[in-house]
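Visitor: To start, I am sharing the structure in question, which I have written as C-alpha cells.
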Amino acid sequence: MADATSLLRVSPVIPVVTIDDPRRAVPVARALAEGGVGIIELTLRTENALTSLKRIADEVPDIIVGAGTVLTPAQADAAVAAGAQFLVSPGVTPSLLGHMLTLGVPILPGVATVGEVMQVLESGLTAMKFFPAGPAGGPDYVAAIGAPIPQVQFCPTGGVSLSSAPAYLALPNVSCVGGSWLTPRGAVENEDWQQITRLAREAAGLTAALD
Ligand code: 3PG
C-alpha cells in the first residue's frame, strides 16, 4: 500500500529530523512522542542515518519512523531494510518513483510543479510532499493547484515554521506540513530534550482544516 494519505493525518506537523550521532536518535524520538508528535521523517543526510533509523524503529514503538531525503532506489531499499515505515523523497524521477512503488511501504514523493503532481498522480498516489513549499510559492501556490487537482493532499515542507504553518493547514488540500524547526540542531547537540518536547507540543496543537 503505497498511498500515504492516512500518514498525513497522524500529526499536523511531520518533523524533518537530522541526527549525526545515533546515540541521540532514541531520546529525540521519545522527546517528540512525549510532546504528542507520533511521526518522524529522519533524513538520510548523515553518515549514520540508517543506524539512527533502525534504533528508533526498534526502540520507540509509539512513533512512526520514515526515511527522508531518499534520492536513489538503493537508499530506498536500505531504509526499508533498516525499518523505515514510510519513504519521503524531495523530488521524483521515473526510476525512483517506480522503485519506491514496489517496496510495500507508504511513500511521499516530493513535487513542486503541476506537471510533477500529474506525473505522480498517474502512478495512483494522491498524497505528496510539496517541496520546497516556501520558495516554490507558499500557500497561494498550493491553493491554486487544488483548483484543477482537488484530489491530491499535500504535506508542504521547506521554509515552513510555526507561524507560517496555519496558512497551509487552513487549505482543503493540506493535511499536515513538514519542518525541521521541532528539532533544532543546537537542541539535539546539547541534548535539550525538554526543548524538543516543548516545540513538539506547540506543533501538535496546530490543527488542519480537514476532518
Ligand atoms: C526537508 O528536507 O524537507 C527540508 O530540509 C525541511 O525544510 P526546513 O528545514 O525549511 O523545515
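Residue numbering restarts at 1 in every chain; chains get A, B, ... in the order shown in the C-alpha cells, and ligands count up from 1 in that same order.
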Find the residues near Ala203 of chain A: any atom within 12 Å, counting only C-alpha atoms, skip ones fewer than 6 places away on the same chain, and give them as a list in words.
Guide: Ser11, Pro12, Val13, Ile14, Pro15, Leu32, Ala33, Gly35, Gly36, Val37, Gly38, Val160, Ser161, Leu162, Ser163, Ser164, Ala165, Pro166, Leu169, Cys176, Val177, Gly178, Gly179, Ser180, Trp181, Leu182, Thr183, Ile196 and Thr197 of chain A
Visitor: Counting only C-alpha atoms and all ligand atoms, what are the residues, protein, DNA or RNA alike, that approach ligand 1 to within 10 Å? I want them as a VMD selection string.
Guide: chain A and resid 14 to 18 41 to 45 68 to 70 88 to 90 110 129 to 135 155 to 161 177 to 184
Visitor: Just want the 12 Å neighbourhood of Asp140 of chain A, counted on only C-alpha atoms, with same-chain residues fewer than 2 positions away dropped. Output as a VMD selection string.
Guide: chain A and resid 133 to 138 142 to 147 156 167 to 168 170 to 171 173 to 174
Visitor: With N, CA and C atoms retained, export the selected residues as an mmCIF file, in the first residue's frame.
Guide:
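Dumped everything to out-v8.cif:
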data_model
loop_
_atom_site.group_PDB
_atom_site.id
_atom_site.type_symbol
_atom_site.label_atom_id
_atom_site.label_comp_id
_atom_site.auth_asym_id
_atom_site.auth_seq_id
_atom_site.Cartn_x
_atom_site.Cartn_y
_atom_site.Cartn_z
ATOM 1 N N ALA A 133 8.290 24.265 -0.183
ATOM 2 C CA ALA A 133 6.996 24.955 -0.168
ATOM 3 C C ALA A 133 7.107 26.483 -0.190
ATOM 4 N N GLY A 134 7.950 27.034 0.684
ATOM 5 C CA GLY A 134 8.048 28.498 0.746
ATOM 6 C C GLY A 134 8.592 29.077 -0.542
ATOM 7 N N PRO A 135 9.821 28.689 -0.937
ATOM 8 C CA PRO A 135 10.390 29.238 -2.167
ATOM 9 C C PRO A 135 9.564 28.932 -3.413
ATOM 10 N N ALA A 136 8.851 27.816 -3.433
ATOM 11 C CA ALA A 136 8.085 27.452 -4.637
ATOM 12 C C ALA A 136 6.817 28.278 -4.803
ATOM 13 N N GLY A 137 6.360 28.945 -3.749
ATOM 14 C CA GLY A 137 5.170 29.771 -3.924
ATOM 15 C C GLY A 137 4.244 29.857 -2.734
ATOM 16 N N GLY A 138 4.518 29.068 -1.703
ATOM 17 C CA GLY A 138 3.743 29.209 -0.464
ATOM 18 C C GLY A 138 2.300 28.765 -0.576
ATOM 19 N N VAL A 142 -0.100 26.395 -3.398
ATOM 20 C CA VAL A 142 -0.733 25.103 -3.073
ATOM 21 C C VAL A 142 -2.246 25.198 -3.284
ATOM 22 N N ALA A 143 -2.827 26.318 -2.885
ATOM 23 C CA ALA A 143 -4.273 26.510 -3.074
ATOM 24 C C ALA A 143 -4.620 26.477 -4.554
ATOM 25 N N ALA A 144 -3.778 27.110 -5.378
ATOM 26 C CA ALA A 144 -4.067 27.181 -6.821
ATOM 27 C C ALA A 144 -4.016 25.790 -7.461
ATOM 28 N N ILE A 145 -3.115 24.912 -6.998
ATOM 29 C CA ILE A 145 -3.059 23.550 -7.550
ATOM 30 C C ILE A 145 -4.363 22.810 -7.244
ATOM 31 N N GLY A 146 -4.963 23.145 -6.110
ATOM 32 C CA GLY A 146 -6.187 22.457 -5.681
ATOM 33 C C GLY A 146 -7.387 22.728 -6.579
ATOM 34 N N ALA A 147 -7.336 23.782 -7.388
ATOM 35 C CA ALA A 147 -8.488 24.063 -8.265
ATOM 36 C C ALA A 147 -8.614 22.980 -9.342
ATOM 37 N N PRO A 156 3.120 20.308 2.669
ATOM 38 C CA PRO A 156 4.095 21.336 2.301
ATOM 39 C C PRO A 156 5.256 21.355 3.296
ATOM 40 N N ALA A 167 -1.395 28.958 7.764
ATOM 41 C CA ALA A 167 -1.905 29.354 6.440
ATOM 42 C C ALA A 167 -1.955 28.154 5.498
ATOM 43 N N TYR A 168 -1.020 27.234 5.656
ATOM 44 C CA TYR A 168 -1.066 25.999 4.856
ATOM 45 C C TYR A 168 -2.166 25.070 5.379
ATOM 46 N N ALA A 170 -4.833 25.628 6.768
ATOM 47 C CA ALA A 170 -6.204 26.087 6.521
ATOM 48 C C ALA A 170 -6.701 25.648 5.142
ATOM 49 N N LEU A 171 -5.813 25.167 4.291
ATOM 50 C CA LEU A 171 -6.206 24.802 2.925
ATOM 51 C C LEU A 171 -6.855 23.419 2.887
ATOM 52 N N ASN A 173 -6.585 21.189 0.670
ATOM 53 C CA ASN A 173 -5.708 20.157 0.099
ATOM 54 C C ASN A 173 -4.401 19.989 0.883
ATOM 55 N N VAL A 174 -4.416 20.438 2.136
ATOM 56 C CA VAL A 174 -3.245 20.244 3.010
ATOM 57 C C VAL A 174 -3.703 19.544 4.286
#
Visitor: Could you check how far atom CA of Tyr141 of chain A sits from atom CA of Glu122 of chain A, in Å to one decimal?
Guide: 21.0 Å
Visitor: DSSP on the backbone, then: every residue of segment 22-131 of chain A marked strand (DSSP E or B), written as JSON, numbers by chain.
Guide: {"A": [39, 40, 41, 42, 43, 64, 65, 66, 67, 68, 87, 88, 107, 108, 110, 111, 127, 128, 129, 130]}
Visitor: For the residues in the current selection, export C-alpha atoms as an mmCIF file, in the first residue's frame.
Guide:
data_model
loop_
_atom_site.group_PDB
_atom_site.id
_atom_site.type_symbol
_atom_site.label_atom_id
_atom_site.label_comp_id
_atom_site.auth_asym_id
_atom_site.auth_seq_id
_atom_site.Cartn_x
_atom_site.Cartn_y
_atom_site.Cartn_z
ATOM 1 C CA ILE A 39 5.739 10.548 13.402
ATOM 2 C CA ILE A 40 9.308 11.362 12.259
ATOM 3 C CA GLU A 41 10.874 11.880 8.861
ATOM 4 C CA LEU A 42 14.515 11.032 9.552
ATOM 5 C CA THR A 43 16.730 12.410 6.802
ATOM 6 C CA ILE A 64 6.100 6.045 13.146
ATOM 7 C CA VAL A 65 9.546 6.499 11.636
ATOM 8 C CA GLY A 66 10.186 7.087 7.957
ATOM 9 C CA ALA A 67 13.244 7.941 5.903
ATOM 10 C CA GLY A 68 13.552 11.338 4.234
ATOM 11 C CA LEU A 87 9.725 6.921 2.494
ATOM 12 C CA VAL A 88 9.946 10.594 1.540
ATOM 13 C CA ILE A 107 5.638 6.853 0.037
ATOM 14 C CA LEU A 108 5.538 10.634 -0.108
ATOM 15 C CA GLY A 110 8.227 15.408 -3.486
ATOM 16 C CA VAL A 111 6.638 17.655 -6.106
ATOM 17 C CA ALA A 127 -0.545 12.082 -1.122
ATOM 18 C CA MET A 128 2.601 14.079 -1.890
ATOM 19 C CA LYS A 129 5.229 16.233 -0.237
ATOM 20 C CA PHE A 130 5.160 19.762 -1.682
#
Visitor: Skipping near chain neighbours, those fewer than 4 positions away, what residues fall within 10 Å of Asp3 of chain A using only C-alpha atoms, listed as number ranges by chain?
Guide: A: 7, 86, 101, 104-108, 123-128
Visitor: Out of A:Pro61, A:Gly91, A:Pro139, A:Pro172, which residue has the shortest atom-to-atom distance to Gln151 of chain A when counting only C-alpha atoms?
Guide: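 Closest to Gln151 of chain A of all the choices is A:Pro172.
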Visitor: If you run DSSP on the backbone, which residues of segment 98-202 of chain A are helix (DSSP H, G or I), as a PyMOL selection string?
Guide: chain A and resi 98-100+114-122+133-136+138-145+165-169+185-189+193-202
Visitor: Tell me, in Å to one decimal, how far atom CA of Ala31 of chain A is from atom CA of Arg55 of chain A.
Guide: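 These two atoms are separated by 14.5 Å.
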